[in-house]
>>> print(open('coords.txt').read())   # compact mmCIF, C-alpha atoms
# COMPACT_ATOMS: atom_id res chain seq x y z
CA MET A 1 -94.06 79.11 -87.86
CA LYS A 2 -90.36 78.25 -87.54
CA ASP A 3 -89.15 78.01 -83.96
CA TYR A 4 -86.55 80.76 -84.14
CA GLU A 5 -86.59 81.38 -80.41
CA SER A 6 -85.33 77.90 -79.46
CA LYS A 7 -82.62 78.14 -82.13
CA ILE A 8 -81.57 81.56 -80.83
CA GLU A 9 -81.38 80.06 -77.33
CA ALA A 10 -79.15 77.23 -78.55
CA GLU A 11 -76.86 79.58 -80.51
CA VAL A 12 -76.47 81.90 -77.51
CA ALA A 13 -75.54 78.95 -75.31
CA ARG A 14 -72.91 77.86 -77.83
CA LEU A 15 -71.43 81.35 -78.23
CA ALA A 16 -71.31 81.83 -74.45
CA GLU A 17 -69.50 78.50 -74.17
CA LEU A 18 -66.89 79.75 -76.66
CA ALA A 19 -66.44 83.08 -74.85
CA GLY A 20 -63.68 81.98 -72.48
CA ASP A 21 -60.47 83.77 -73.42
CA LEU A 22 -61.90 87.01 -74.76
CA SER A 23 -58.49 88.23 -75.94
CA VAL A 24 -58.45 85.77 -78.87
CA PRO A 25 -58.36 87.64 -82.24
CA VAL A 26 -61.20 86.97 -84.69
CA PRO A 27 -59.69 86.81 -88.21
CA THR A 28 -63.08 86.92 -89.98
CA CYS A 29 -63.88 90.20 -88.19
CA PRO A 30 -60.60 92.11 -88.72
CA GLY A 31 -59.56 94.16 -85.71
CA TRP A 32 -61.88 92.33 -83.32
CA THR A 33 -61.14 89.97 -80.47
CA LEU A 34 -63.76 87.68 -78.95
CA ALA A 35 -64.46 90.52 -76.51
CA GLU A 36 -65.54 92.84 -79.34
CA LEU A 37 -67.54 90.08 -80.97
CA VAL A 38 -69.45 89.20 -77.79
CA THR A 39 -70.05 92.89 -77.07
CA HIS A 40 -71.40 93.48 -80.58
CA VAL A 41 -73.79 90.52 -80.36
CA GLY A 42 -75.02 91.48 -76.89
CA ARG A 43 -75.58 95.10 -77.91
CA THR A 44 -77.54 93.88 -80.94
CA HIS A 45 -79.82 91.77 -78.74
CA ARG A 46 -80.55 94.68 -76.43
CA TRP A 47 -81.15 96.98 -79.42
CA ALA A 48 -83.65 94.58 -81.02
CA ALA A 49 -85.49 94.11 -77.73
CA HIS A 50 -85.66 97.90 -77.29
CA VAL A 51 -87.03 98.43 -80.81
CA LEU A 52 -89.74 95.82 -80.26
CA ARG A 53 -90.72 96.84 -76.70
CA ASN A 54 -91.05 100.48 -77.73
CA ARG A 55 -92.75 99.74 -81.07
CA ALA A 56 -90.22 101.98 -82.76
CA GLN A 57 -91.34 103.41 -86.09
CA GLU A 58 -88.04 105.12 -86.92
CA ARG A 59 -84.47 103.93 -86.81
CA ILE A 60 -82.77 103.88 -83.42
CA GLY A 61 -79.01 103.42 -83.32
CA SER A 62 -77.83 100.41 -81.36
CA ARG A 63 -75.51 102.61 -79.28
CA GLU A 64 -78.47 104.76 -78.24
CA VAL A 65 -79.80 101.78 -76.25
CA PRO A 66 -78.43 101.18 -72.72
CA SER A 67 -76.14 98.14 -72.65
CA GLY A 68 -75.36 97.92 -68.94
CA LEU A 69 -71.66 98.33 -69.73
CA ALA A 70 -69.45 101.16 -68.52
CA GLU A 71 -67.69 103.27 -71.15
CA GLY A 72 -64.96 101.14 -72.74
CA GLN A 73 -66.08 97.96 -70.96
CA SER A 74 -66.56 94.73 -72.95
CA GLY A 75 -69.25 92.14 -72.43
CA ASP A 76 -68.64 88.60 -71.24
CA ALA A 77 -70.56 85.32 -71.38
CA ALA A 78 -72.85 86.18 -68.44
CA TRP A 79 -73.66 89.60 -69.92
CA LEU A 80 -74.35 87.96 -73.29
CA ARG A 81 -76.77 85.46 -71.74
CA SER A 82 -78.57 88.23 -69.85
CA GLY A 83 -79.21 90.29 -72.99
CA ALA A 84 -80.29 87.22 -74.93
CA GLY A 85 -82.75 86.36 -72.18
CA GLU A 86 -84.23 89.83 -72.46
CA LEU A 87 -84.46 89.47 -76.25
CA LEU A 88 -86.13 86.05 -76.05
CA ARG A 89 -88.73 87.25 -73.52
CA THR A 90 -89.50 90.20 -75.78
CA LEU A 91 -89.81 88.05 -78.91
CA ARG A 92 -92.17 85.64 -77.15
CA GLU A 93 -94.37 88.46 -75.83
CA THR A 94 -94.57 90.41 -79.10
CA ASP A 95 -97.32 90.02 -81.70
CA PRO A 96 -95.44 89.02 -84.88
CA GLU A 97 -97.86 91.15 -86.92
CA MET A 98 -97.06 94.32 -85.00
CA VAL A 99 -95.83 97.12 -87.28
CA VAL A 100 -92.34 98.19 -86.28
CA TRP A 101 -89.17 99.64 -87.79
CA THR A 102 -86.76 97.28 -89.52
CA TRP A 103 -83.97 97.93 -92.00
CA GLY A 104 -85.33 95.18 -94.26
CA PRO A 105 -88.36 94.89 -96.56
CA ASP A 106 -90.80 93.67 -93.87
CA LYS A 107 -92.07 96.26 -91.40
CA ARG A 108 -93.44 93.76 -88.90
CA ALA A 109 -92.10 92.26 -85.71
CA SER A 110 -91.81 88.87 -87.45
CA TRP A 111 -88.76 90.21 -89.33
CA TRP A 112 -86.67 90.27 -86.15
CA PRO A 113 -86.45 86.61 -84.99
CA PRO A 114 -84.77 85.26 -88.17
CA ARG A 115 -82.49 88.31 -88.34
CA MET A 116 -81.37 87.76 -84.76
CA LEU A 117 -80.88 84.03 -85.37
CA PHE A 118 -78.60 84.47 -88.36
CA GLU A 119 -76.69 87.31 -86.73
CA LEU A 120 -75.92 84.74 -84.04
CA VAL A 121 -75.20 81.84 -86.40
CA ILE A 122 -72.59 83.81 -88.33
CA HIS A 123 -70.93 85.29 -85.27
CA ARG A 124 -70.89 81.88 -83.58
CA ALA A 125 -69.08 80.65 -86.69
CA ASP A 126 -66.66 83.60 -86.36
CA ALA A 127 -65.87 82.54 -82.79
CA GLU A 128 -65.38 78.91 -83.78
CA LEU A 129 -63.07 79.82 -86.64
CA ALA A 130 -61.07 82.03 -84.29
CA LEU A 131 -60.63 79.04 -81.98
CA GLY A 132 -59.70 76.61 -84.76
CA ILE A 133 -63.07 74.83 -84.74
CA ASP A 134 -64.79 73.90 -88.01
CA PRO A 135 -68.26 75.52 -87.87
CA VAL A 136 -71.29 73.49 -88.86
CA VAL A 137 -74.78 74.85 -89.50
CA PRO A 138 -77.64 72.30 -89.75
CA ALA A 139 -78.78 71.99 -93.38
CA ALA A 140 -82.36 73.21 -92.82
CA THR A 141 -81.09 76.22 -90.86
CA ALA A 142 -78.52 77.00 -93.58
CA VAL A 143 -81.19 76.88 -96.33
CA ASP A 144 -83.32 79.29 -94.30
CA GLY A 145 -80.24 81.45 -93.70
CA ILE A 146 -79.40 81.79 -97.38
CA GLU A 147 -82.96 82.85 -98.15
CA GLU A 148 -83.01 85.32 -95.25
CA PHE A 149 -79.75 86.82 -96.55
CA LEU A 150 -81.06 87.13 -100.10
CA HIS A 151 -84.43 88.49 -98.94
CA ASN A 152 -82.74 91.34 -97.08
CA LEU A 153 -79.78 91.93 -99.39
CA PRO A 154 -81.45 94.50 -101.70
CA TYR A 155 -82.22 96.64 -98.61
CA ALA A 156 -78.72 96.50 -97.09
CA THR A 157 -77.52 99.87 -98.40
CA TRP A 158 -74.02 99.35 -97.01
CA VAL A 159 -73.82 96.38 -99.41
CA THR A 160 -75.72 97.65 -102.45
CA ARG A 161 -73.40 100.67 -102.72
CA PRO A 162 -70.22 98.59 -103.17
CA LEU A 163 -72.14 96.22 -105.46
CA ALA A 164 -73.03 99.19 -107.67
CA GLU A 165 -69.35 100.14 -107.80
CA LEU A 166 -68.52 96.79 -109.41
CA GLY A 167 -69.74 98.31 -112.68
CA VAL A 168 -71.64 95.15 -113.64
CA GLU A 169 -74.49 95.70 -116.09
CA ARG A 170 -75.95 92.24 -115.56
CA ALA A 171 -74.52 89.08 -114.04
CA THR A 172 -75.92 85.91 -112.51
CA ILE A 173 -74.56 83.79 -109.68
CA HIS A 174 -76.03 80.34 -109.10
CA LEU A 175 -75.79 78.55 -105.75
CA HIS A 176 -76.41 74.80 -105.66
CA ALA A 177 -76.52 72.81 -102.42
CA ASN A 178 -75.41 69.21 -102.86
CA ASP A 179 -76.68 67.98 -99.48
CA ALA A 180 -80.08 69.68 -99.26
CA ASP A 181 -82.98 70.83 -101.43
CA GLY A 182 -81.61 74.25 -102.26
CA GLU A 183 -80.75 76.12 -105.46
CA TRP A 184 -80.78 79.88 -105.92
CA THR A 185 -79.92 82.31 -108.69
CA ILE A 186 -78.84 85.84 -107.81
CA THR A 187 -79.06 88.47 -110.55
CA GLN A 188 -76.87 91.54 -110.20
CA GLY A 189 -78.22 94.40 -112.28
CA PRO A 190 -77.01 97.94 -112.92
CA ALA A 191 -76.60 100.38 -110.01
CA GLY A 192 -76.37 97.49 -107.54
CA ALA A 193 -79.92 96.22 -108.12
CA ILE A 194 -80.35 92.68 -106.79
CA GLU A 195 -82.97 90.05 -107.60
CA TRP A 196 -83.03 86.38 -106.70
CA ALA A 197 -85.09 83.28 -107.39
CA ARG A 198 -85.21 79.70 -106.18
CA GLY A 199 -84.53 76.85 -108.57
CA HIS A 200 -82.06 75.62 -111.14
CA ALA A 201 -80.69 78.02 -113.74
CA LYS A 202 -77.56 78.77 -115.72
CA GLY A 203 -75.32 81.47 -114.30
CA ASP A 204 -72.22 83.39 -115.26
CA VAL A 205 -70.73 81.58 -112.28
CA ALA A 206 -72.06 78.64 -110.28
CA VAL A 207 -70.98 77.39 -106.85
CA GLN A 208 -71.81 73.90 -105.60
CA GLY A 209 -71.24 72.35 -102.19
CA PRO A 210 -72.73 71.70 -98.74
CA VAL A 211 -75.40 74.25 -97.91
CA SER A 212 -73.68 75.16 -94.63
CA GLU A 213 -70.56 76.10 -96.61
CA LEU A 214 -72.60 78.09 -99.13
CA LEU A 215 -74.13 80.10 -96.28
CA LEU A 216 -70.72 80.83 -94.77
CA MET A 217 -69.36 81.76 -98.20
CA ILE A 218 -72.00 84.38 -98.97
CA TYR A 219 -71.31 85.95 -95.58
CA GLY A 220 -67.61 86.07 -96.40
CA ARG A 221 -66.64 83.45 -93.82
CA ARG A 222 -65.58 80.72 -96.27
CA SER A 223 -63.46 80.96 -99.39
CA PRO A 224 -64.95 79.56 -102.60
CA ASP A 225 -61.78 77.41 -102.65
CA THR A 226 -63.59 75.02 -100.29
CA LEU A 227 -66.41 74.56 -102.85
CA THR A 228 -66.77 73.66 -106.52
CA VAL A 229 -66.86 76.72 -108.78
CA TYR A 230 -67.86 76.76 -112.45
CA GLY A 231 -67.56 79.81 -114.69
CA ASP A 232 -66.36 83.31 -113.93
CA ARG A 233 -64.39 82.99 -110.69
CA ASP A 234 -63.20 86.61 -110.85
CA LEU A 235 -66.82 87.82 -110.89
CA LEU A 236 -67.61 85.60 -107.90
CA ASP A 237 -64.65 86.87 -105.88
CA ARG A 238 -65.45 90.53 -106.57
CA TRP A 239 -69.15 90.02 -105.82
CA LEU A 240 -68.51 88.19 -102.55
CA THR A 241 -66.09 90.89 -101.40
CA ALA A 242 -68.71 93.58 -102.04
CA ALA A 243 -71.71 91.63 -100.71
CA ALA A 244 -70.37 90.29 -97.40
CA PHE A 245 -72.35 91.61 -94.40
>>> encode(input="coords.txt", output="structure tokens")
Amino acid sequence: MKDYESKIEAEVARLAELAGDLSVPVPTCPGWTLAELVTHVGRTHRWAAHVLRNRAQERIGSREVPSGLAEGQSGDAAWLRSGAGELLRTLRETDPEMVVWTWGPDKRASWWPPRMLFELVIHRADAELALGIDPVVPAATAVDGIEEFLHNLPYATWVTRPLAELGVERATIHLHANDADGEWTITQGPAGAIEWARGHAKGDVAVQGPVSELLLMIYGRRSPDTLTVYGDRDLLDRWLTAAAF
């Protein structure tokens, strides 16, 4: 089993380290400052811990879960660490096979650790970009992150709706890491249907580059301009705009 808990711990430590001046705007999350970003991440940790502790079988809104913040108050680094500690204790005490609500395809507790890790990875990258730091994701983590994204993508209704509005009958997007063992083909079908497969294939558009950059691109944090693109760039741009979490 992948050690998601230790990676979550490391990502929380890094994000807390970045959470100094909370008034800094976050360009990759329009309208947010670092205060909003830290508050969002900390609320998400407390929400996930609540879902798991209570073995929730139906959706619970994240704002239905107590955050420890007064109305209108933002979280800070200490508050972030506290919620992450609660999440990590809960993850370590929970049977990964326990049946529980998730918004993804897997209705087991094991769905939550990777989801929480990549929520953190991307928002840590947001904070670094806001501070003028070039984010780096270790290659093995980025490969795992791309597959976690693609695994959940067909179930992210807030994404599949705009994908359906692209009006694409069938299109393929190929991702090719040039620094790790990773190639993926995403097939966009009618009505926003999404399928994906590992391995080499021809696509209507292909993107090649470091796997960390590919991960950030599919989350809308990197422009394809930083990578090598072959084929239908307009399709890629429209798809990325619709698919970004």
>>> atom_distance(input="coords.txt", atom1="atom CA of A:Val12", atom2="atom CA of A:Arg59")
25.2 Å
>>> atom_distance(input="coords.txt", atom1="atom CA of A:Pro113", atom2="atom CA of A:Gln57")
17.5 Å
>>> residues_around(input="coords.txt", residues="A:Leu87", least_positions_apart="6", cutoff="10 Å", atoms="only C-alpha atoms", output="PyMOL selection string")
chain A and resi 5+8-9+42+44-50+52-53+81+93+113+116
>>> closest_atom_pairs(input="coords.txt", of="stretch 139-230 of chain A", to="stretch 128-134 of chain A", cutoff="12 Å", atoms="all atoms listed in the file", output="JSON lines")
{"residue": "A:Ser212", "atom": "CA", "partner": "A:Asp134", "partner_atom": "CA", "distance": 11.2}
{"residue": "A:Glu213", "atom": "CA", "partner": "A:Asp134", "partner_atom": "CA", "distance": 10.6}
{"residue": "A:Leu216", "atom": "CA", "partner": "A:Leu129", "partner_atom": "CA", "distance": 11.2}
{"residue": "A:Arg221", "atom": "CA", "partner": "A:Leu129", "partner_atom": "CA", "distance": 8.8}
{"residue": "A:Arg222", "atom": "CA", "partner": "A:Leu129", "partner_atom": "CA", "distance": 10.0}
>>> residues_near_point(input="coords.txt", point="(-66.5, 87.7, -70.5)", cutoff="7 Å", atoms="all atoms listed in the file", output="number ranges by chain")
A: 19-20, 22, 35, 75-78
>>> closest_residue(input="coords.txt", among="A:Ala109, A:Leu227, A:Val207, A:Ala242", to="A:Gln188", atoms="all atoms listed in the file")
A:Ala242
>>> atom_distance(input="coords.txt", atom1="atom CA of A:Ile60", atom2="atom CA of A:Glu148")
22.0 Å
>>> residues_around(input="coords.txt", residues="A:Pro66", least_positions_apart="2", cutoff="9 Å", atoms="only C-alpha atoms", output="PyMOL selection string")
chain A and resi 43+46-47+62-64+68-69
>>> closest_residue(input="coords.txt", among="A:Val100, A:Ala139, A:Ala244, A:Ala13", to="A:Asp181", atoms="only C-alpha atoms")
A:Ala139
>>> residues_around(input="coords.txt", residues="A:His200", least_positions_apart="3", cutoff="10 Å", atoms="all atoms listed in the file", output="count of residues only")
9
>>> closest_residue(input="coords.txt", among="A:Leu240, A:Ala177, A:Val65, A:Val41", to="A:Val159", atoms="all atoms listed in the file")
A:Leu240
>>> residues_around(input="coords.txt", residues="A:Gly167", least_positions_apart="6", cutoff="10 Å", atoms="all atoms listed in the file", output="NGL selection string")
:A and (189-192)
>>> closest_residue(input="coords.txt", among="A:Ile218, A:Leu150, A:Ala56, A:Ala201", to="A:Thr102", atoms="all atoms listed in the file")
A:Ala56
>>> closest_residue(input="coords.txt", among="A:Glu71, A:Glu58, A:Glu86, A:Asp204", to="A:Arg233", atoms="only C-alpha atoms")
A:Asp204
>>> closest_residue(input="coords.txt", among="A:Asp144, A:Glu165, A:Asp232, A:Glu119", to="A:Leu15", atoms="only C-alpha atoms")
A:Glu119
>>> residues_near_point(input="coords.txt", point="(-81.9, 93.6, -101.2)", cutoff="10 Å", atoms="all atoms listed in the file", output="ChimeraX atom specification")
/A:104-105,149-157,159-160,192-196
>>> build_atoms(input="coords.txt", residues="stretch 106-128 of chain A", atoms="N, CA and C atoms", output="compact mmCIF listing (two decimals), keeping the file's coordinate frame")
# COMPACT_ATOMS: atom_id res chain seq x y z
N ASP A 106 -89.60 93.97 -94.65
CA ASP A 106 -90.80 93.67 -93.87
C ASP A 106 -90.87 94.58 -92.65
N LYS A 107 -91.93 95.33 -92.52
CA LYS A 107 -92.07 96.26 -91.40
C LYS A 107 -93.00 95.67 -90.34
N ARG A 108 -92.68 94.44 -89.95
CA ARG A 108 -93.44 93.76 -88.90
C ARG A 108 -92.46 93.13 -87.93
N ALA A 109 -92.96 92.85 -86.73
CA ALA A 109 -92.10 92.26 -85.71
C ALA A 109 -91.55 90.90 -86.13
N SER A 110 -92.25 90.20 -87.01
CA SER A 110 -91.81 88.87 -87.45
C SER A 110 -90.50 88.91 -88.21
N TRP A 111 -90.06 90.10 -88.65
CA TRP A 111 -88.76 90.21 -89.33
C TRP A 111 -87.61 89.95 -88.38
N TRP A 112 -87.78 90.26 -87.10
CA TRP A 112 -86.67 90.27 -86.15
C TRP A 112 -86.16 88.91 -85.73
N PRO A 113 -87.01 87.89 -85.45
CA PRO A 113 -86.45 86.61 -84.99
C PRO A 113 -85.46 85.97 -85.97
N PRO A 114 -85.78 85.84 -87.28
CA PRO A 114 -84.77 85.26 -88.17
C PRO A 114 -83.52 86.13 -88.28
N ARG A 115 -83.67 87.45 -88.26
CA ARG A 115 -82.49 88.31 -88.34
C ARG A 115 -81.58 88.11 -87.14
N MET A 116 -82.18 88.00 -85.96
CA MET A 116 -81.37 87.76 -84.76
C MET A 116 -80.74 86.37 -84.77
N LEU A 117 -81.46 85.38 -85.29
CA LEU A 117 -80.88 84.03 -85.37
C LEU A 117 -79.64 84.02 -86.25
N PHE A 118 -79.73 84.59 -87.44
CA PHE A 118 -78.60 84.47 -88.36
C PHE A 118 -77.46 85.42 -88.02
N GLU A 119 -77.76 86.50 -87.32
CA GLU A 119 -76.69 87.31 -86.73
C GLU A 119 -75.87 86.44 -85.78
N LEU A 120 -76.58 85.63 -84.98
CA LEU A 120 -75.92 84.74 -84.04
C LEU A 120 -75.18 83.60 -84.73
N VAL A 121 -75.82 82.97 -85.70
CA VAL A 121 -75.20 81.84 -86.40
C VAL A 121 -73.85 82.25 -86.99
N ILE A 122 -73.83 83.39 -87.67
CA ILE A 122 -72.59 83.81 -88.33
C ILE A 122 -71.54 84.22 -87.31
N HIS A 123 -71.93 84.90 -86.25
CA HIS A 123 -70.93 85.29 -85.27
C HIS A 123 -70.48 84.11 -84.40
N ARG A 124 -71.34 83.13 -84.21
CA ARG A 124 -70.89 81.88 -83.58
C ARG A 124 -69.84 81.22 -84.45
N ALA A 125 -70.08 81.21 -85.77
CA ALA A 125 -69.08 80.65 -86.69
C ALA A 125 -67.77 81.45 -86.62
N ASP A 126 -67.87 82.78 -86.51
CA ASP A 126 -66.66 83.60 -86.36
C ASP A 126 -65.85 83.15 -85.14
N ALA A 127 -66.55 82.94 -84.03
CA ALA A 127 -65.87 82.54 -82.79
C ALA A 127 -65.24 81.17 -82.95
N GLU A 128 -65.94 80.25 -83.58
CA GLU A 128 -65.38 78.91 -83.78
C GLU A 128 -64.15 78.95 -84.68
